[in-house]
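Working notes, beginning with the structure itself.
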Amino acid sequence: MSDNLILTANIDGADDFYADLLAAHEGLSPEASAALNARLLLVLANHIGDRTVLAEAIAAAARKAK
Amino acid sequence: MSKIFETPLYPYTRHPDQDAATPARHKVIVIGAGPIGLAAAIDLANQGVEVLVLDDNDKVSFGSRAICFAKRQLEILDRIGSADPFVERGVEWDVGKVFFDEREVYKFDLLAEEGHRRPAFINLQQYHFENFLVDRVRELQSQGAPIEIRGQNKVEAIGQHDDHVTLEVETPEGSYTIEADWLIACDGANSPTRRMLGLDFVGRVFEDNFLIADVIMEADFPTERWFWFDPPFNKGQSALLHKQPDNVWRIDLQLGWDIDKEEEKKPENVIPRLKAMLGEDVKFDLEWVSIYTFQCRRMEKFRHGRTLFAGDAAHQVSPFGARGANSGMQDTDNLVWKLKLVMDGKAPESLLDSYSSERVYGADENITNSTRSTDFITPKSDMSRLLRDAVLDLAEDFEFARPLVNSGRLSVPCTYDGSSLNSADALAGPDISRPGSPCPDAPLPDGFLLDLLGDKLTLLTIDADGPESFEEDGIEVKRLALSVRDDPTLALQRRYLGSAASGVYLIRPDQHVAARRETFDEPLFRAAVRRATGKE
Ligand SMILES: Cc1cc2nc3c(=O)[nH]c(=O)nc-3n(C[C@H](O)[C@H](O)[C@H](O)COP(=O)(O)OP(=O)(O)OC[C@H]3O[C@@H](n4cnc5c(N)ncnc54)[C@H](O)[C@@H]3O)c2cc1C
């Protein structure tokens, strides 16, 4: 399925990353948080760039969607 | 002062056909004298084909319609006459600005590539556009070309037969019957022809209303395309400001779905909206105000026996991207040379099915692009709005997000990839001139390449040998021999050779590439001619 997308642990210091993510949302209203997530998503998507990887990422995330 | 859109251009006069004992038979009848019907008729008359245009009206287009005309359309105008009057009258532009809320988020330059005869875009009112086409019809008539327009001739009924079509035409003096070997229906988005033949027209309606106003004002806004997302003067909606000739400005204001159209159109409601946008002290007059909803849809096939559909009758798009009239002219560009070969018995009727398949492909590309623009401009859900706003916010700070901003992907002609008329690509040349592509222009010592190509099947040789002309099964091909030694800007080399040392191109009468390889190989090029004319 996902030949190009990395789906094994790949972040050094996973807990630190997760804390950074939460910190960025600290004190934001639900709307502002949602907007931050949307911007973050676009920044990351651009960094990846590769359309195959992006398509696999969308599919991986969509697995839990109803 | 009487305006051009109020003056009858082809007033009704009685024609002997109306008193004929048996219905007169014409070679080609075009229904509709809009931009597409007129372009079709001019193209046919240029080829010496007798053509009659019927229109239920006698004036140019009424109301705010097309303003933005793309380079390919100007090139087609050059092929069927001259784009000079259009370009001289029109305004050229290449800068656009995008605003979000109260901020200018970025500015773009279309950065039109050098070395093309025509600019990327001009803005010109549709009524001027049609008026210049009627001028061209008059010019052809004065040269004795077999072309005629009959105003106030409304087609009321159509009968389809194996080898002709019968029309019932209503005039101020009663109705009459005429026949045509071929019928081209260019009768617009509500095409009565489509309805009379019981044909489908499926697609998607966008649940939104746009107030489209043309205002006349002395203002020093620059000649740029300004697009606002969620501006303070139209909260939660979008707006567009674009310049036309004669101090006329096009304004689009998105209104949303639940509105009272008649109320919104009243000057007492329109004027405050425009003042909020333009500034309290700007003086302006309203030329037109209309409210539109937009749709994206197309017919399943553009050919039905002896009836061919073109322009809005065959497909409709939302106007963001200026793909309506632009793509309609690509229809007739594609159709007319094929029809001429079929009428002359030089190609099988099935060549006309390639008109349908190629232009359906083009219509789908246009529909995809306009649908995406409309979805960006009018987000359909909370999440699509959130993402859209995120793109706009990022675009202000970071270049990467700007290509995601979609306020209209401006019309470019389509490449007929996969068309049955193409021969397999046999040149390691540039992508932009692969088989199916519209030929890119290039400046040469004796003028521009597209002018030299004209409207005949051409064997273009670049630093390669080839016969001065050859004939394949009744089809004549003439050579245009060029060399990169006469290519001061290297545009020819860049656009047609790339890293190849030489190139031989077979170019269709509509200036699309049919085949290419490094050198001339007679059997292969003969096969390519047969393929390009629907014989293989
Ligand atoms: C707000 C707006 C903005 C637009 N902006 C652009 C733009 O910037 N660039 C662009 O390329 N396109 C634009 N378009 C689209 C463009 O206006 C159309 O694509 C174009 O007019 C289509 O031309 P047509 O000849 O196919 O049809 P039409 O222009 O609709 O002409 C059809 C003709 O058929 C005649 N007719 C109808 N029924 C009959 C009958 N029974 N008998 C005889 N005659 C009949 C009509 O009188 C009419 O003259 C815009 C449209 C709108 C609404």
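By convention here, the chains of the structure tokens are called A, B, ... in the order presented, each chain's residues are numbered starting at 1, and ligands are numbered starting at 1 in the order presented.
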
Residues of chain A that have any atom at most 9 Å from an atom of chain B: could you tabulate them with the shortest-distance atom pair and the distance in Å to one decimal, using only C-alpha atoms, ordered by chain and increasing number, as CSV?
residue,atom,partner,partner_atom,distance
A:Glu31,CA,B:Leu386,CA,9.0
A:Ala34,CA,B:Leu386,CA,7.6
A:Ala35,CA,B:Leu386,CA,6.2
A:Leu36,CA,B:Ala390,CA,7.9
A:Asn37,CA,B:Ala390,CA,8.9
A:Ala38,CA,B:Leu387,CA,5.7
A:Arg39,CA,B:Ala390,CA,5.1
A:Leu40,CA,B:Ala390,CA,8.9
A:Leu42,CA,B:Val391,CA,7.5
A:Val43,CA,B:Ala401,CA,8.3
A:Asn46,CA,B:Phe400,CA,7.1

Given the selection you just returned, output its residues as a file containing all heavy atoms, formatted as a PDB file, in the first residue's frame.
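This went into again_26.pdb:
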ATOM      1  N   GLU A  31     -11.126  27.574  17.155  1.00  0.00           N
ATOM      2  CA  GLU A  31     -11.014  28.033  15.751  1.00  0.00           C
ATOM      3  C   GLU A  31      -9.553  28.320  15.404  1.00  0.00           C
ATOM      4  O   GLU A  31      -9.071  27.927  14.349  1.00  0.00           O
ATOM      5  CB  GLU A  31     -11.823  29.319  15.512  1.00  0.00           C
ATOM      6  CG  GLU A  31     -13.330  29.167  15.629  1.00  0.00           C
ATOM      7  CD  GLU A  31     -13.805  29.059  17.079  1.00  0.00           C
ATOM      8  OE1 GLU A  31     -13.132  29.632  17.969  1.00  0.00           O
ATOM      9  OE2 GLU A  31     -14.823  28.380  17.327  1.00  0.00           O
ATOM     10  N   ALA A  34      -7.656  25.118  15.039  1.00  0.00           N
ATOM     11  CA  ALA A  34      -7.958  24.433  13.772  1.00  0.00           C
ATOM     12  C   ALA A  34      -7.206  25.118  12.632  1.00  0.00           C
ATOM     13  O   ALA A  34      -6.658  24.453  11.741  1.00  0.00           O
ATOM     14  CB  ALA A  34      -9.463  24.438  13.518  1.00  0.00           C
ATOM     15  N   ALA A  35      -7.149  26.456  12.677  1.00  0.00           N
ATOM     16  CA  ALA A  35      -6.448  27.190  11.624  1.00  0.00           C
ATOM     17  C   ALA A  35      -4.949  26.894  11.668  1.00  0.00           C
ATOM     18  O   ALA A  35      -4.303  26.726  10.629  1.00  0.00           O
ATOM     19  CB  ALA A  35      -6.712  28.688  11.773  1.00  0.00           C
ATOM     20  N   LEU A  36      -4.407  26.795  12.874  1.00  0.00           N
ATOM     21  CA  LEU A  36      -2.992  26.467  13.014  1.00  0.00           C
ATOM     22  C   LEU A  36      -2.709  25.081  12.413  1.00  0.00           C
ATOM     23  O   LEU A  36      -1.743  24.897  11.663  1.00  0.00           O
ATOM     24  CB  LEU A  36      -2.580  26.499  14.492  1.00  0.00           C
ATOM     25  CG  LEU A  36      -1.161  26.010  14.781  1.00  0.00           C
ATOM     26  CD1 LEU A  36      -0.133  27.042  14.324  1.00  0.00           C
ATOM     27  CD2 LEU A  36      -0.955  25.714  16.263  1.00  0.00           C
ATOM     28  N   ASN A  37      -3.563  24.132  12.760  1.00  0.00           N
ATOM     29  CA  ASN A  37      -3.391  22.786  12.193  1.00  0.00           C
ATOM     30  C   ASN A  37      -3.409  22.811  10.670  1.00  0.00           C
ATOM     31  O   ASN A  37      -2.619  22.132  10.015  1.00  0.00           O
ATOM     32  CB  ASN A  37      -4.492  21.847  12.685  1.00  0.00           C
ATOM     33  CG  ASN A  37      -4.160  21.254  14.041  1.00  0.00           C
ATOM     34  OD1 ASN A  37      -2.996  21.282  14.451  1.00  0.00           O
ATOM     35  ND2 ASN A  37      -5.164  20.733  14.719  1.00  0.00           N
ATOM     36  N   ALA A  38      -4.335  23.593  10.127  1.00  0.00           N
ATOM     37  CA  ALA A  38      -4.451  23.651   8.669  1.00  0.00           C
ATOM     38  C   ALA A  38      -3.164  24.235   8.068  1.00  0.00           C
ATOM     39  O   ALA A  38      -2.643  23.727   7.071  1.00  0.00           O
ATOM     40  CB  ALA A  38      -5.665  24.477   8.276  1.00  0.00           C
ATOM     41  N   ARG A  39      -2.651  25.288   8.684  1.00  0.00           N
ATOM     42  CA  ARG A  39      -1.416  25.886   8.155  1.00  0.00           C
ATOM     43  C   ARG A  39      -0.248  24.913   8.280  1.00  0.00           C
ATOM     44  O   ARG A  39       0.556  24.757   7.367  1.00  0.00           O
ATOM     45  CB  ARG A  39      -1.098  27.199   8.886  1.00  0.00           C
ATOM     46  CG  ARG A  39      -2.054  28.338   8.558  1.00  0.00           C
ATOM     47  CD  ARG A  39      -1.523  29.696   9.025  1.00  0.00           C
ATOM     48  NE  ARG A  39      -1.323  29.757  10.460  1.00  0.00           N
ATOM     49  CZ  ARG A  39      -2.265  30.087  11.349  1.00  0.00           C
ATOM     50  NH1 ARG A  39      -3.485  30.383  10.931  1.00  0.00           N
ATOM     51  NH2 ARG A  39      -1.998  30.120  12.635  1.00  0.00           N
ATOM     52  N   LEU A  40      -0.193  24.237   9.427  1.00  0.00           N
ATOM     53  CA  LEU A  40       0.885  23.278   9.650  1.00  0.00           C
ATOM     54  C   LEU A  40       0.844  22.166   8.604  1.00  0.00           C
ATOM     55  O   LEU A  40       1.864  21.787   8.019  1.00  0.00           O
ATOM     56  CB  LEU A  40       0.737  22.693  11.063  1.00  0.00           C
ATOM     57  CG  LEU A  40       1.763  21.644  11.475  1.00  0.00           C
ATOM     58  CD1 LEU A  40       3.175  22.228  11.441  1.00  0.00           C
ATOM     59  CD2 LEU A  40       1.450  21.120  12.883  1.00  0.00           C
ATOM     60  N   LEU A  42      -0.306  22.314   5.628  1.00  0.00           N
ATOM     61  CA  LEU A  42       0.127  22.791   4.312  1.00  0.00           C
ATOM     62  C   LEU A  42       1.639  22.991   4.261  1.00  0.00           C
ATOM     63  O   LEU A  42       2.279  22.685   3.254  1.00  0.00           O
ATOM     64  CB  LEU A  42      -0.598  24.094   3.969  1.00  0.00           C
ATOM     65  CG  LEU A  42      -2.105  23.932   3.722  1.00  0.00           C
ATOM     66  CD1 LEU A  42      -2.812  25.287   3.761  1.00  0.00           C
ATOM     67  CD2 LEU A  42      -2.360  23.248   2.381  1.00  0.00           C
ATOM     68  N   VAL A  43       2.208  23.489   5.359  1.00  0.00           N
ATOM     69  CA  VAL A  43       3.662  23.672   5.404  1.00  0.00           C
ATOM     70  C   VAL A  43       4.355  22.318   5.256  1.00  0.00           C
ATOM     71  O   VAL A  43       5.297  22.160   4.467  1.00  0.00           O
ATOM     72  CB  VAL A  43       4.076  24.358   6.730  1.00  0.00           C
ATOM     73  CG1 VAL A  43       5.583  24.306   6.909  1.00  0.00           C
ATOM     74  CG2 VAL A  43       3.592  25.807   6.760  1.00  0.00           C
ATOM     75  N   ASN A  46       4.000  20.816   1.740  1.00  0.00           N
ATOM     76  CA  ASN A  46       4.912  21.428   0.780  1.00  0.00           C
ATOM     77  C   ASN A  46       6.334  20.905   0.961  1.00  0.00           C
ATOM     78  O   ASN A  46       7.060  20.681  -0.004  1.00  0.00           O
ATOM     79  CB  ASN A  46       4.894  22.946   0.926  1.00  0.00           C
ATOM     80  CG  ASN A  46       5.809  23.601  -0.088  1.00  0.00           C
ATOM     81  OD1 ASN A  46       5.565  23.524  -1.283  1.00  0.00           O
ATOM     82  ND2 ASN A  46       6.894  24.195   0.385  1.00  0.00           N
TER      83      ASN A  46
END

key: Thr52 (chain A) surroundings by only C-alpha atoms, 10 Å radius, close-in-sequence under 3 positions cut, as a PyMOL selection string   = chain A and resi 2-5+48-49+55-58

Please save C-alpha atoms of the selected residues as a compact mmCIF listing (two decimals), in the first residue's frame.
# COMPACT_ATOMS: atom_id res chain seq x y z
CA SER A 2 2.32 2.68 1.23
CA ASP A 3 5.53 2.08 -0.62
CA ASN A 4 6.96 5.55 -0.29
CA LEU A 5 5.39 6.94 2.86
CA ILE A 48 7.26 16.64 1.36
CA GLY A 49 6.31 17.78 -2.12
CA ALA A 55 -1.48 10.62 -1.68
CA GLU A 56 -0.34 7.75 0.52
CA ALA A 57 -0.40 10.05 3.54
CA ILE A 58 -3.96 11.15 2.78

task = Give the residues close to ligand 1, within 6 Å, counting only C-alpha atoms and all ligand atoms; write them as a PyMOL selection string.
result = chain B and resi 31-37+54-57+64-69+153-156+186-189+191-192+311-313+319+322-326

task = Give the alpha helix (DSSP H) residues of region 19-66 of chain A, as assigned by DSSP on the backbone, as a PyMOL selection string.
result = chain A and resi 19-25+30-48+51-62

With only C-alpha atoms as the counted atoms, please give the residues lying no more than 7 Å from region 499-513 of chain B, apart from itself and same-chain residues fewer than 6 positions off, as a short mmCIF file (atom, residue, chain, number, x, y, z; two decimals) with C-alpha atoms, in the first residue's frame.
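Output file part-v2.cif is given in full below:
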data_model
loop_
_atom_site.label_atom_id
_atom_site.label_comp_id
_atom_site.auth_asym_id
_atom_site.auth_seq_id
_atom_site.Cartn_x
_atom_site.Cartn_y
_atom_site.Cartn_z
CA ASP B 333 -10.65 25.90 -34.73
CA ASN B 334 -10.75 22.12 -34.35
CA TRP B 337 -10.81 22.05 -41.25
CA ALA B 428 13.34 13.60 -28.11
CA GLY B 429 12.05 17.17 -28.27
CA SER B 433 5.39 20.70 -28.86
CA ARG B 434 4.61 16.99 -28.41
CA PRO B 435 1.91 15.52 -30.67
CA GLY B 436 -1.48 17.02 -29.81
CA SER B 437 -0.01 20.38 -28.71
CA PRO B 438 -1.01 23.74 -30.12
CA CYS B 439 2.12 25.02 -31.88
CA ASP B 455 -4.33 27.08 -42.02
CA LYS B 456 -3.02 24.31 -44.29
CA LEU B 457 -1.56 20.95 -43.40
CA THR B 458 2.16 21.67 -43.15
CA LEU B 459 5.39 19.72 -43.06
CA LEU B 460 7.66 21.85 -40.91
CA THR B 461 11.31 20.91 -41.32
CA ILE B 462 13.94 22.39 -39.05
CA ASP B 463 17.44 21.72 -40.36
CA ALA B 464 16.08 18.60 -42.05
CA THR B 519 14.18 13.33 -39.99
CA PHE B 520 11.75 12.94 -42.87
#

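Using only C-alpha atoms, the residues found no farther than 9 Å from Leu450 (chain B), other than those of its own chain fewer than 2 positions away, are Glu75, Asp78, Arg79, Arg117, Cys439, Pro440, Asp441, Ala442, Gly447, Phe448, Leu452, Leu453, Gly454 and Gln511 of chain B.
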
Strand (DSSP E) call set, DSSP backbone run, region 87-306 of chain B, as a PyMOL selection string = chain B and resi 91-92+95-100+103-109+121-123+147-150+154-160+165-171+174-185+202-205+209-217+225-229+238-244+248-256+284-292+295-298+303-304

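Residue neighbourhood of Val60 (chain B), excluding near-sequence residues (fewer than 4 positions): Phe5, Tyr127, Glu130 and Asn131 of chain B, at 7 Å, using only C-alpha atoms.
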
Those residues you just picked out, can you put them in a file as a JSON list (two decimals), in the first residue's frame with N, CA, C and O atoms?
[["chain", "number", "residue", "atom", "x", "y", "z"],
["B", 5, "PHE", "N", -23.99, 48.25, -28.62],
["B", 5, "PHE", "CA", -24.87, 47.12, -28.32],
["B", 5, "PHE", "C", -26.34, 47.45, -28.53],
["B", 5, "PHE", "O", -27.21, 46.62, -28.32],
["B", 127, "TYR", "N", -19.09, 42.70, -26.56],
["B", 127, "TYR", "CA", -19.77, 43.35, -27.68],
["B", 127, "TYR", "C", -18.79, 43.92, -28.69],
["B", 127, "TYR", "O", -19.04, 43.88, -29.89],
["B", 130, "GLU", "N", -17.53, 40.81, -30.70],
["B", 130, "GLU", "CA", -18.48, 40.35, -31.72],
["B", 130, "GLU", "C", -18.56, 41.36, -32.87],
["B", 130, "GLU", "O", -18.66, 40.98, -34.04],
["B", 131, "ASN", "N", -18.50, 42.65, -32.52],
["B", 131, "ASN", "CA", -18.57, 43.68, -33.55],
["B", 131, "ASN", "C", -17.41, 43.55, -34.54],
["B", 131, "ASN", "O", -17.59, 43.65, -35.75]]

inquiry  = When you look at Glu179 (chain B) with a cut-off of 12 Å (counting only C-alpha atoms), what residues show up, excluding the ones that are within fewer than 5 positions of it in the same chain? I need them as a PyMOL selection string.
reply    = chain B and resi 17+20+22-30+51-52+155+157-161+163-169+306

Can you write just those residues out, N, CA and C atoms, as an mmCIF file, in the first residue's frame?
data_model
loop_
_atom_site.group_PDB
_atom_site.id
_atom_site.type_symbol
_atom_site.label_atom_id
_atom_site.label_comp_id
_atom_site.auth_asym_id
_atom_site.auth_seq_id
_atom_site.Cartn_x
_atom_site.Cartn_y
_atom_site.Cartn_z
ATOM 1 N N ASP B 17 -35.118 33.006 -50.194
ATOM 2 C CA ASP B 17 -35.351 31.672 -49.611
ATOM 3 C C ASP B 17 -36.737 31.578 -48.979
ATOM 4 N N ALA B 20 -39.249 30.604 -51.645
ATOM 5 C CA ALA B 20 -38.908 29.485 -52.533
ATOM 6 C C ALA B 20 -39.989 28.408 -52.480
ATOM 7 N N THR B 22 -39.574 25.158 -53.219
ATOM 8 C CA THR B 22 -38.986 24.047 -52.453
ATOM 9 C C THR B 22 -37.873 24.646 -51.593
ATOM 10 N N PRO B 23 -37.685 24.110 -50.409
ATOM 11 C CA PRO B 23 -36.714 24.715 -49.493
ATOM 12 C C PRO B 23 -35.319 24.814 -50.119
ATOM 13 N N ALA B 24 -34.696 25.957 -49.967
ATOM 14 C CA ALA B 24 -33.331 26.144 -50.470
ATOM 15 C C ALA B 24 -32.383 25.288 -49.637
ATOM 16 N N ARG B 25 -31.340 24.753 -50.295
ATOM 17 C CA ARG B 25 -30.359 23.918 -49.595
ATOM 18 C C ARG B 25 -29.042 24.691 -49.469
ATOM 19 N N HIS B 26 -28.534 24.814 -48.260
ATOM 20 C CA HIS B 26 -27.246 25.475 -48.038
ATOM 21 C C HIS B 26 -26.200 24.435 -47.673
ATOM 22 N N LYS B 27 -24.940 24.815 -47.866
ATOM 23 C CA LYS B 27 -23.853 23.887 -47.530
ATOM 24 C C LYS B 27 -23.774 23.744 -46.007
ATOM 25 N N VAL B 28 -23.604 24.878 -45.338
ATOM 26 C CA VAL B 28 -23.521 24.838 -43.871
ATOM 27 C C VAL B 28 -24.405 25.942 -43.316
ATOM 28 N N ILE B 29 -25.204 25.602 -42.313
ATOM 29 C CA ILE B 29 -25.926 26.631 -41.565
ATOM 30 C C ILE B 29 -25.373 26.641 -40.149
ATOM 31 N N VAL B 30 -25.115 27.849 -39.666
ATOM 32 C CA VAL B 30 -24.674 28.033 -38.285
ATOM 33 C C VAL B 30 -25.823 28.694 -37.544
ATOM 34 N N VAL B 51 -21.718 29.471 -46.365
ATOM 35 C CA VAL B 51 -22.225 29.360 -45.000
ATOM 36 C C VAL B 51 -23.252 30.454 -44.705
ATOM 37 N N LEU B 52 -24.303 30.046 -44.011
ATOM 38 C CA LEU B 52 -25.374 30.967 -43.627
ATOM 39 C C LEU B 52 -25.514 30.945 -42.113
ATOM 40 N N VAL B 155 -34.586 29.884 -35.222
ATOM 41 C CA VAL B 155 -34.826 28.480 -35.562
ATOM 42 C C VAL B 155 -35.820 27.896 -34.560
ATOM 43 N N ALA B 157 -37.631 24.703 -35.300
ATOM 44 C CA ALA B 157 -37.714 23.241 -35.338
ATOM 45 C C ALA B 157 -36.598 22.705 -36.224
ATOM 46 N N ILE B 158 -36.148 21.496 -35.913
ATOM 47 C CA ILE B 158 -35.044 20.886 -36.644
ATOM 48 C C ILE B 158 -35.401 19.450 -36.993
ATOM 49 N N GLY B 159 -35.175 19.085 -38.244
ATOM 50 C CA GLY B 159 -35.363 17.685 -38.642
ATOM 51 C C GLY B 159 -34.023 17.129 -39.083
ATOM 52 N N GLN B 160 -33.632 16.009 -38.501
ATOM 53 C CA GLN B 160 -32.334 15.406 -38.847
ATOM 54 C C GLN B 160 -32.543 14.309 -39.885
ATOM 55 N N HIS B 161 -31.759 14.314 -40.938
ATOM 56 C CA HIS B 161 -31.811 13.258 -41.951
ATOM 57 C C HIS B 161 -30.404 12.717 -42.148
ATOM 58 N N ASP B 163 -28.477 12.699 -44.755
ATOM 59 C CA ASP B 163 -27.516 13.512 -45.494
ATOM 60 C C ASP B 163 -27.828 15.000 -45.460
ATOM 61 N N HIS B 164 -28.761 15.398 -44.624
ATOM 62 C CA HIS B 164 -28.989 16.842 -44.463
ATOM 63 C C HIS B 164 -29.836 17.108 -43.224
ATOM 64 N N VAL B 165 -30.045 18.393 -42.988
ATOM 65 C CA VAL B 165 -30.843 18.829 -41.843
ATOM 66 C C VAL B 165 -31.876 19.820 -42.366
ATOM 67 N N THR B 166 -33.091 19.768 -41.816
ATOM 68 C CA THR B 166 -34.144 20.708 -42.217
ATOM 69 C C THR B 166 -34.440 21.645 -41.051
ATOM 70 N N LEU B 167 -34.563 22.918 -41.355
ATOM 71 C CA LEU B 167 -34.840 23.890 -40.295
ATOM 72 C C LEU B 167 -36.122 24.658 -40.585
ATOM 73 N N GLU B 168 -36.870 24.871 -39.528
ATOM 74 C CA GLU B 168 -38.054 25.718 -39.560
ATOM 75 C C GLU B 168 -37.626 27.049 -38.949
ATOM 76 N N VAL B 169 -37.717 28.146 -39.722
ATOM 77 C CA VAL B 169 -37.180 29.418 -39.236
ATOM 78 C C VAL B 169 -38.290 30.454 -39.132
ATOM 79 N N ARG B 306 -25.539 14.923 -38.542
ATOM 80 C CA ARG B 306 -25.091 16.077 -39.332
ATOM 81 C C ARG B 306 -25.109 17.379 -38.514
#

remark   = The distance between CA of Asn234 (chain B) and CA of Met217 (chain B) is 20.6 Å

Near-Arg297 (chain B) list (6 Å; only C-alpha atoms; drop same-chain fewer than 2 positions) as number ranges by chain = B: 202-203, 315-316

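The two atoms in question, CA of Ser420 (chain B) and CA of Tyr355 (chain B), are spaced 10.6 Å apart.
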
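The two atoms in question, CA of Met299 (chain B) and CA of Ala363 (chain B), are spaced 9.6 Å apart.
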